[in-house]
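Trainee: Input file: protein-v1.pdb. Contents: PDB, C-alpha atoms, pLDDT in the B column.
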ATOM      1  CA  MET A1133      87.614 -27.392 -74.429  1.00 48.00           C
ATOM      2  CA  ASN A1134      83.864 -27.181 -74.363  1.00 57.00           C
ATOM      3  CA  ILE A1135      82.148 -28.931 -77.306  1.00 76.00           C
ATOM      4  CA  TYR A1136      80.217 -25.691 -77.848  1.00 82.00           C
ATOM      5  CA  GLY A1137      83.196 -23.336 -77.680  1.00 90.00           C
ATOM      6  CA  PHE A1138      83.249 -19.905 -76.077  1.00 92.00           C
ATOM      7  CA  ILE A1139      80.839 -18.312 -78.536  1.00 92.00           C
ATOM      8  CA  HIS A1140      77.267 -19.596 -78.410  1.00 93.00           C
ATOM      9  CA  LEU A1141      75.049 -18.666 -81.353  1.00 93.00           C
ATOM     10  CA  PRO A1142      71.769 -19.815 -82.864  1.00 95.00           C
ATOM     11  CA  TRP A1143      72.202 -22.018 -85.969  1.00 93.00           C
ATOM     12  CA  TRP A1144      71.868 -19.039 -88.302  1.00 96.00           C
ATOM     13  CA  GLY A1145      74.475 -17.131 -86.266  1.00 95.00           C
ATOM     14  CA  TYR A1146      77.119 -19.691 -87.217  1.00 95.00           C
ATOM     15  CA  ILE A1147      76.259 -19.206 -90.887  1.00 95.00           C
ATOM     16  CA  ILE A1148      76.598 -15.438 -90.504  1.00 96.00           C
ATOM     17  CA  ALA A1149      79.881 -15.884 -88.625  1.00 96.00           C
ATOM     18  CA  ALA A1150      81.256 -18.075 -91.437  1.00 95.00           C
ATOM     19  CA  LEU A1151      80.153 -15.533 -94.057  1.00 94.00           C
ATOM     20  CA  VAL A1152      81.708 -12.632 -92.143  1.00 95.00           C
ATOM     21  CA  LEU A1153      84.994 -14.514 -91.739  1.00 96.00           C
ATOM     22  CA  THR A1154      85.113 -15.499 -95.416  1.00 93.00           C
ATOM     23  CA  HIS A1155      84.290 -11.971 -96.510  1.00 92.00           C
ATOM     24  CA  ILE A1156      87.171 -10.595 -94.457  1.00 95.00           C
ATOM     25  CA  THR A1157      89.343 -12.969 -96.486  1.00 93.00           C
ATOM     26  CA  ILE A1158      87.817 -11.772 -99.768  1.00 91.00           C
ATOM     27  CA  ILE A1159      88.434  -8.157 -98.745  1.00 93.00           C
ATOM     28  CA  SER A1160      92.017  -9.060 -97.847  1.00 95.00           C
ATOM     29  CA  VAL A1161      92.614 -10.648-101.247  1.00 92.00           C
ATOM     30  CA  THR A1162      90.855  -7.906-103.190  1.00 91.00           C
ATOM     31  CA  LEU A1163      92.159  -4.836-101.393  1.00 94.00           C
ATOM     32  CA  TYR A1164      95.524  -5.990-100.124  1.00 97.00           C
ATOM     33  CA  LEU A1165      96.884  -8.619-102.522  1.00 95.00           C
ATOM     34  CA  HIS A1166      95.227  -7.336-105.674  1.00 94.00           C
ATOM     35  CA  ARG A1167      94.870  -3.558-105.396  1.00 95.00           C
ATOM     36  CA  CYS A1168      97.637  -2.718-102.918  1.00 97.00           C
ATOM     37  CA  GLN A1169     100.373  -5.225-103.651  1.00 97.00           C
ATOM     38  CA  ALA A1170      99.909  -6.362-107.260  1.00 95.00           C
ATOM     39  CA  HIS A1171      98.770  -3.097-108.833  1.00 95.00           C
ATOM     40  CA  ARG A1172      99.982  -0.503-106.317  1.00 96.00           C
ATOM     41  CA  ALA A1173      96.640   1.282-106.795  1.00 95.00           C
ATOM     42  CA  VAL A1174      96.074   1.918-103.097  1.00 95.00           C
ATOM     43  CA  ARG A1175      98.221   2.228 -99.960  1.00 96.00           C
ATOM     44  CA  PHE A1176      97.204   1.333 -96.419  1.00 97.00           C
ATOM     45  CA  HIS A1177      98.631   2.178 -93.038  1.00 97.00           C
ATOM     46  CA  PRO A1178     101.295  -0.427 -92.130  1.00 97.00           C
ATOM     47  CA  ILE A1179      99.101  -1.778 -89.320  1.00 97.00           C
ATOM     48  CA  VAL A1180      96.235  -2.374 -91.762  1.00 97.00           C
ATOM     49  CA  GLU A1181      98.609  -4.006 -94.263  1.00 97.00           C
ATOM     50  CA  HIS A1182      99.943  -6.274 -91.561  1.00 97.00           C
ATOM     51  CA  PHE A1183      96.419  -7.243 -90.498  1.00 98.00           C
ATOM     52  CA  PHE A1184      95.712  -8.301 -94.098  1.00 97.00           C
ATOM     53  CA  ARG A1185      98.959 -10.291 -94.301  1.00 97.00           C
ATOM     54  CA  PHE A1186      98.251 -11.987 -90.970  1.00 97.00           C
ATOM     55  CA  TRP A1187      94.631 -12.754 -91.865  1.00 97.00           C
ATOM     56  CA  LEU A1188      95.633 -14.244 -95.224  1.00 96.00           C
ATOM     57  CA  TRP A1189      98.283 -16.359 -93.468  1.00 96.00           C
ATOM     58  CA  LEU A1190      95.582 -17.679 -91.124  1.00 96.00           C
ATOM     59  CA  THR A1191      92.908 -18.278 -93.743  1.00 94.00           C
ATOM     60  CA  THR A1192      94.658 -19.127 -97.017  1.00 91.00           C
ATOM     61  CA  GLY A1193      98.358 -19.802 -96.516  1.00 90.00           C
ATOM     62  CA  MET A1194      98.998 -17.576 -99.533  1.00 90.00           C
ATOM     63  CA  VAL A1195     102.454 -16.039 -99.717  1.00 95.00           C
ATOM     64  CA  THR A1196     102.141 -12.400-100.755  1.00 96.00           C
ATOM     65  CA  ARG A1197     105.126 -12.437-103.113  1.00 97.00           C
ATOM     66  CA  GLU A1198     103.931 -15.595-104.867  1.00 96.00           C
ATOM     67  CA  TRP A1199     100.351 -14.399-105.318  1.00 95.00           C
ATOM     68  CA  VAL A1200     101.496 -11.004-106.600  1.00 97.00           C
ATOM     69  CA  ALA A1201     104.042 -12.519-108.994  1.00 97.00           C
ATOM     70  CA  VAL A1202     101.539 -14.953-110.508  1.00 95.00           C
ATOM     71  CA  HIS A1203      98.910 -12.232-110.813  1.00 94.00           C
ATOM     72  CA  ARG A1204     101.311  -9.791-112.471  1.00 96.00           C
ATOM     73  CA  LYS A1205     102.414 -12.497-114.886  1.00 96.00           C
ATOM     74  CA  HIS A1206      98.757 -13.169-115.649  1.00 93.00           C
ATOM     75  CA  HIS A1207      98.351  -9.516-116.641  1.00 93.00           C
ATOM     76  CA  ALA A1208     101.537  -9.544-118.684  1.00 95.00           C
ATOM     77  CA  PHE A1209     100.278 -12.495-120.752  1.00 93.00           C
ATOM     78  CA  SER A1210      96.517 -12.254-120.319  1.00 89.00           C
ATOM     79  CA  GLU A1211      94.760 -14.961-122.356  1.00 89.00           C
ATOM     80  CA  ARG A1212      97.946 -15.693-124.340  1.00 91.00           C
ATOM     81  CA  PRO A1213     100.684 -18.311-123.992  1.00 92.00           C
ATOM     82  CA  GLY A1214     102.486 -17.572-120.745  1.00 92.00           C
ATOM     83  CA  ASP A1215      99.319 -16.723-118.794  1.00 92.00           C
ATOM     84  CA  PRO A1216      99.551 -19.015-115.744  1.00 91.00           C
ATOM     85  CA  HIS A1217      95.785 -19.597-115.471  1.00 87.00           C
ATOM     86  CA  SER A1218      94.049 -18.725-118.719  1.00 86.00           C
ATOM     87  CA  PRO A1219      90.935 -20.637-119.802  1.00 85.00           C
ATOM     88  CA  ALA A1220      91.908 -19.742-123.362  1.00 86.00           C
ATOM     89  CA  ILE A1221      95.167 -21.678-122.937  1.00 89.00           C
ATOM     90  CA  PHE A1222      94.292 -24.445-120.462  1.00 89.00           C
ATOM     91  CA  GLY A1223      90.566 -24.809-121.023  1.00 85.00           C
ATOM     92  CA  ILE A1224      87.801 -23.721-118.700  1.00 81.00           C
ATOM     93  CA  HIS A1225      87.495 -27.023-116.839  1.00 81.00           C
ATOM     94  CA  LYS A1226      91.184 -27.227-115.988  1.00 83.00           C
ATOM     95  CA  VAL A1227      91.207 -23.626-114.772  1.00 81.00           C
ATOM     96  CA  LEU A1228      88.014 -24.092-112.761  1.00 77.00           C
ATOM     97  CA  TRP A1229      88.940 -27.369-111.104  1.00 79.00           C
ATOM     98  CA  MET A1230      92.734 -27.148-111.003  1.00 81.00           C
ATOM     99  CA  GLY A1231      93.293 -23.393-110.761  1.00 81.00           C
ATOM    100  CA  VAL A1232      95.089 -23.685-107.431  1.00 82.00           C
ATOM    101  CA  LEU A1233      97.521 -26.194-108.942  1.00 86.00           C
ATOM    102  CA  LEU A1234      98.166 -23.867-111.897  1.00 89.00           C
ATOM    103  CA  TYR A1235      98.854 -21.049-109.438  1.00 88.00           C
ATOM    104  CA  LYS A1236     101.184 -23.230-107.355  1.00 89.00           C
ATOM    105  CA  ARG A1237     103.078 -24.382-110.441  1.00 93.00           C
ATOM    106  CA  ALA A1238     103.684 -20.788-111.570  1.00 94.00           C
ATOM    107  CA  ALA A1239     104.649 -19.736-108.015  1.00 93.00           C
ATOM    108  CA  ARG A1240     107.364 -22.450-107.872  1.00 94.00           C
ATOM    109  CA  ASP A1241     109.216 -20.861-110.792  1.00 96.00           C
ATOM    110  CA  PRO A1242     112.004 -18.684-109.317  1.00 96.00           C
ATOM    111  CA  GLN A1243     112.122 -16.591-112.502  1.00 97.00           C
ATOM    112  CA  VAL A1244     108.442 -15.681-112.115  1.00 96.00           C
ATOM    113  CA  LEU A1245     109.058 -14.639-108.510  1.00 96.00           C
ATOM    114  CA  LYS A1246     112.150 -12.634-109.457  1.00 96.00           C
ATOM    115  CA  LYS A1247     110.596 -10.850-112.432  1.00 97.00           C
ATOM    116  CA  TYR A1248     107.075 -10.231-111.112  1.00 97.00           C
ATOM    117  CA  GLY A1249     107.325 -10.467-107.308  1.00 96.00           C
ATOM    118  CA  HIS A1250     109.214  -7.230-106.685  1.00 96.00           C
ATOM    119  CA  ASN A1251     108.223  -4.631-104.068  1.00 96.00           C
ATOM    120  CA  THR A1252     106.361  -7.075-101.873  1.00 97.00           C
ATOM    121  CA  PRO A1253     106.921  -7.394 -98.119  1.00 96.00           C
ATOM    122  CA  ASN A1254     110.313  -8.821 -97.214  1.00 95.00           C
ATOM    123  CA  ASP A1255     110.487  -8.145 -93.481  1.00 96.00           C
ATOM    124  CA  TRP A1256     111.408 -10.521 -90.667  1.00 97.00           C
ATOM    125  CA  LEU A1257     107.852 -11.875 -90.366  1.00 96.00           C
ATOM    126  CA  GLU A1258     107.640 -12.598 -94.092  1.00 96.00           C
ATOM    127  CA  ARG A1259     111.061 -14.302 -94.205  1.00 96.00           C
ATOM    128  CA  HIS A1260     110.761 -16.287 -90.963  1.00 97.00           C
ATOM    129  CA  ILE A1261     107.029 -16.935 -90.407  1.00 96.00           C
ATOM    130  CA  TYR A1262     104.639 -16.212 -93.273  1.00 96.00           C
ATOM    131  CA  THR A1263     106.622 -17.667 -96.176  1.00 95.00           C
ATOM    132  CA  PRO A1264     108.436 -20.690 -94.697  1.00 96.00           C
ATOM    133  CA  HIS A1265     105.481 -21.662 -92.479  1.00 96.00           C
ATOM    134  CA  ASN A1266     102.625 -20.628 -94.758  1.00 92.00           C
ATOM    135  CA  THR A1267     100.460 -23.628 -93.823  1.00 93.00           C
ATOM    136  CA  LEU A1268     100.947 -23.164 -90.059  1.00 96.00           C
ATOM    137  CA  GLY A1269      98.493 -20.261 -90.020  1.00 96.00           C
ATOM    138  CA  ILE A1270      95.760 -22.465 -91.473  1.00 95.00           C
ATOM    139  CA  PHE A1271      96.077 -24.891 -88.560  1.00 96.00           C
ATOM    140  CA  ILE A1272      96.169 -22.041 -86.051  1.00 97.00           C
ATOM    141  CA  MET A1273      92.900 -20.833 -87.610  1.00 97.00           C
ATOM    142  CA  LEU A1274      91.453 -24.308 -87.058  1.00 97.00           C
ATOM    143  CA  LEU A1275      92.344 -24.091 -83.358  1.00 97.00           C
ATOM    144  CA  ILE A1276      90.834 -20.595 -83.148  1.00 97.00           C
ATOM    145  CA  ASP A1277      87.593 -21.746 -84.814  1.00 97.00           C
ATOM    146  CA  LEU A1278      87.351 -24.823 -82.562  1.00 96.00           C
ATOM    147  CA  THR A1279      88.046 -22.741 -79.450  1.00 96.00           C
ATOM    148  CA  CYS A1280      85.517 -20.067 -80.379  1.00 96.00           C
ATOM    149  CA  PHE A1281      82.739 -22.178 -81.883  1.00 97.00           C
ATOM    150  CA  GLY A1282      83.355 -25.693 -80.573  1.00 95.00           C
ATOM    151  CA  ALA A1283      82.641 -28.652 -82.848  1.00 94.00           C
ATOM    152  CA  ILE A1284      80.793 -26.465 -85.383  1.00 96.00           C
ATOM    153  CA  GLY A1285      84.091 -24.572 -85.686  1.00 96.00           C
ATOM    154  CA  LEU A1286      85.356 -27.417 -87.871  1.00 96.00           C
ATOM    155  CA  ALA A1287      82.604 -26.702 -90.414  1.00 95.00           C
ATOM    156  CA  ILE A1288      83.319 -22.962 -90.253  1.00 96.00           C
ATOM    157  CA  TRP A1289      87.024 -23.661 -90.798  1.00 95.00           C
ATOM    158  CA  LEU A1290      86.276 -25.910 -93.782  1.00 94.00           C
ATOM    159  CA  VAL A1291      84.161 -23.158 -95.344  1.00 93.00           C
ATOM    160  CA  GLN A1292      87.014 -20.711 -94.786  1.00 91.00           C
ATOM    161  CA  MET A1293      89.514 -23.072 -96.404  1.00 90.00           C
ATOM    162  CA  VAL A1294      87.504 -23.684 -99.572  1.00 87.00           C
ATOM    163  CA  TRP A1295      86.056 -20.203 -99.981  1.00 82.00           C
ATOM    164  CA  ILE A1296      88.903 -18.508-101.860  1.00 77.00           C
ATOM    165  CA  PRO A1297      90.244 -21.403-103.962  1.00 69.00           C
ATOM    166  CA  PHE A1298      86.812 -22.711-104.864  1.00 67.00           C
ATOM    167  CA  PHE A1299      83.975 -20.224-104.574  1.00 62.00           C
ATOM    168  CA  CYS A1300      85.711 -16.884-104.988  1.00 56.00           C
ATOM    169  CA  CYS A1301      88.081 -18.010-107.740  1.00 52.00           C
ATOM    170  CA  ARG A1302      85.337 -19.975-109.492  1.00 49.00           C
ATOM    171  CA  CYS A1303      83.107 -16.898-109.674  1.00 51.00           C
ATOM    172  CA  ASN A1304      85.982 -14.841-111.061  1.00 52.00           C
ATOM    173  CA  GLN A1305      86.929 -17.538-113.575  1.00 49.00           C
ATOM    174  CA  TRP A1306      83.330 -18.105-114.667  1.00 49.00           C
ATOM    175  CA  LEU A1307      82.979 -14.376-115.323  1.00 48.00           C
ATOM    176  CA  ARG A1308      86.255 -14.326-117.260  1.00 50.00           C
ATOM    177  CA  ALA A1309      85.156 -17.360-119.251  1.00 51.00           C
ATOM    178  CA  LEU A1310      81.768 -15.843-119.985  1.00 51.00           C
ATOM    179  CA  PHE A1311      83.324 -12.695-121.395  1.00 52.00           C
ATOM    180  CA  TRP A1312      86.050 -14.659-123.165  1.00 51.00           C
ATOM    181  CA  LEU A1313      83.504 -16.905-124.838  1.00 48.00           C
ATOM    182  CA  SER A1314      81.176 -14.101-125.861  1.00 42.00           C
TER     183      SER A1314
END
Reformat the file's structure so that it appears as structure tokens.
Mentor:
Amino acid sequence: MNIYGFIHLPWWGYIIAALVLTHITIISVTLYLHRCQAHRAVRFHPIVEHFFRFWLWLTTGMVTREWVAVHRKHHAFSERPGDPHSPAIFGIHKVLWMGVLLYKRAARDPQVLKKYGHNTPNDWLERHIYTPHNTLGIFIMLLIDLTCFGAIGLAIWLVQMVWIPFFCCRCNQWLRALFWLS
């Protein structure tokens, strides 16, 4: 593999590439996981839905059923005991810095998955690839980034890996905290 990868860009082109890739992930979370799966507010063609599932597998390792179940439980108990990631319950610092751990803890509870994870994909790919090998996609994404961008692909991959759990979730949680505190 060439140290520069197959895609050669000026320095600012790599920044734009990283932003485009992370925004595809944000769109996948917002439109697919949140609006389509958790709230059933929108439907997409099955090919589009599968693209979102595949992209999220590559860039986050999130399991659709787990994310949906935790999010639905959050709405069922919003800012009250039982909310899996409420700053009112856990404190803003714990939610901001350990939000992923709070999510993972709630997602490990089989009762949460059973009660709130209904009507999510349960096809062969979900049962045999996406759920049991949820972290495999992240490493495949690393190989893709290294192949496309060379050594700088590692930095792009790192940005992709921290974007949703740190930047995107932090912005959402800061906004929630601001409104909760005011």
Trainee: Let me know the residues the PyMOL selection byres ((chain A and resi 1195) around 9) catches in the file above, as a PDB file with C-alpha atoms, in the coordinates of the input.
Mentor:
ATOM      1  CA  ARG A1185      98.959 -10.291 -94.301  1.00 97.00           C
ATOM      2  CA  LEU A1188      95.633 -14.244 -95.224  1.00 96.00           C
ATOM      3  CA  TRP A1189      98.283 -16.359 -93.468  1.00 96.00           C
ATOM      4  CA  THR A1192      94.658 -19.127 -97.017  1.00 91.00           C
ATOM      5  CA  GLY A1193      98.358 -19.802 -96.516  1.00 90.00           C
ATOM      6  CA  MET A1194      98.998 -17.576 -99.533  1.00 90.00           C
ATOM      7  CA  THR A1196     102.141 -12.400-100.755  1.00 96.00           C
ATOM      8  CA  ARG A1197     105.126 -12.437-103.113  1.00 97.00           C
ATOM      9  CA  GLU A1198     103.931 -15.595-104.867  1.00 96.00           C
ATOM     10  CA  TRP A1199     100.351 -14.399-105.318  1.00 95.00           C
ATOM     11  CA  VAL A1200     101.496 -11.004-106.600  1.00 97.00           C
ATOM     12  CA  GLU A1258     107.640 -12.598 -94.092  1.00 96.00           C
ATOM     13  CA  TYR A1262     104.639 -16.212 -93.273  1.00 96.00           C
ATOM     14  CA  THR A1263     106.622 -17.667 -96.176  1.00 95.00           C
ATOM     15  CA  ASN A1266     102.625 -20.628 -94.758  1.00 92.00           C
TER      16      ASN A1266
END
Trainee: Report, in Å with one decimal, the straight-line distance from atom CA of Ala1208 of chain A to atom CA of Glu1181 of chain A.
Mentor: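 That distance, rounded to one decimal, is 25.2 Å.
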Trainee: Of the candidates A:Thr1191, A:Phe1186, A:Leu1245, A:Pro1219, which one gets nearest to His1155 of chain A if we count all atoms listed in the file?
Mentor: A:Thr1191
Trainee: I'd like the interatomic distance between atom CA of Gln1292 of chain A and atom CA of Ile1158 of chain A, to a tenth of an Å.
Mentor: 10.3 Å
Trainee: Using only C-alpha atoms, collect all residues at a distance of at most 10 Å from (97.3, -20.5, -111.6) as written in the file, then present them as a list in words.
Mentor: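 Residues with an atom at most 10 Å from (97.3, -20.5, -111.6): Trp1199, Val1202, His1203, His1206, Asp1215, Pro1216, His1217, Ser1218, Val1227, Met1230, Gly1231, Val1232, Leu1233, Leu1234, Tyr1235, Lys1236, Arg1237, Ala1238 and Ala1239 of chain A.
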Trainee: Select, from A:Ile1284, A:Ile1221, A:Ile1179, A:Ile1156, the residue with the minimum atom-to-atom distance to Trp1143 of chain A, counting all atoms listed in the file.
Mentor: A:Ile1284
Trainee: State, in Å with one decimal place, the distance from atom CA of Leu1190 of chain A to atom CA of Ile1270 of chain A.
Mentor: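 Computed distance, atom CA of Leu1190 of chain A to atom CA of Ile1270 of chain A, equals 4.8 Å.
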Trainee: Let me make sure I understand: among A:Val1291, A:Ile1159, A:Ala1201, A:Leu1151, which one has the smallest atom-to-atom distance to Phe1184 of chain A if we use only C-alpha atoms?
Mentor: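 Among the listed residues, A:Ile1159 lies closest to Phe1184 of chain A.
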Trainee: Quick one: residues within 10 Å of Gln1169 of chain A, all atoms listed in the file counted, chain neighbours fewer than 3 positions away excluded, as a PDB file with C-alpha atoms, keeping the file's coordinate frame?
Mentor:
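Saved as result_2.pdb:
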ATOM      1  CA  VAL A1161      92.614 -10.648-101.247  1.00 92.00           C
ATOM      2  CA  THR A1162      90.855  -7.906-103.190  1.00 91.00           C
ATOM      3  CA  LEU A1163      92.159  -4.836-101.393  1.00 94.00           C
ATOM      4  CA  TYR A1164      95.524  -5.990-100.124  1.00 97.00           C
ATOM      5  CA  LEU A1165      96.884  -8.619-102.522  1.00 95.00           C
ATOM      6  CA  HIS A1166      95.227  -7.336-105.674  1.00 94.00           C
ATOM      7  CA  ARG A1172      99.982  -0.503-106.317  1.00 96.00           C
ATOM      8  CA  ALA A1173      96.640   1.282-106.795  1.00 95.00           C
ATOM      9  CA  VAL A1174      96.074   1.918-103.097  1.00 95.00           C
ATOM     10  CA  ARG A1175      98.221   2.228 -99.960  1.00 96.00           C
ATOM     11  CA  GLU A1181      98.609  -4.006 -94.263  1.00 97.00           C
ATOM     12  CA  THR A1196     102.141 -12.400-100.755  1.00 96.00           C
ATOM     13  CA  ARG A1197     105.126 -12.437-103.113  1.00 97.00           C
ATOM     14  CA  TRP A1199     100.351 -14.399-105.318  1.00 95.00           C
ATOM     15  CA  VAL A1200     101.496 -11.004-106.600  1.00 97.00           C
ATOM     16  CA  ALA A1201     104.042 -12.519-108.994  1.00 97.00           C
ATOM     17  CA  ARG A1204     101.311  -9.791-112.471  1.00 96.00           C
ATOM     18  CA  GLY A1249     107.325 -10.467-107.308  1.00 96.00           C
ATOM     19  CA  HIS A1250     109.214  -7.230-106.685  1.00 96.00           C
ATOM     20  CA  ASN A1251     108.223  -4.631-104.068  1.00 96.00           C
ATOM     21  CA  THR A1252     106.361  -7.075-101.873  1.00 97.00           C
ATOM     22  CA  PRO A1253     106.921  -7.394 -98.119  1.00 96.00           C
TER      23      PRO A1253
END
Trainee: Return the single residue from A:Thr1279, A:Ser1160, A:Ser1210, A:Gln1243 that is closest to Ile1135 of chain A, with distances computed using only C-alpha atoms.
Mentor: A:Thr1279
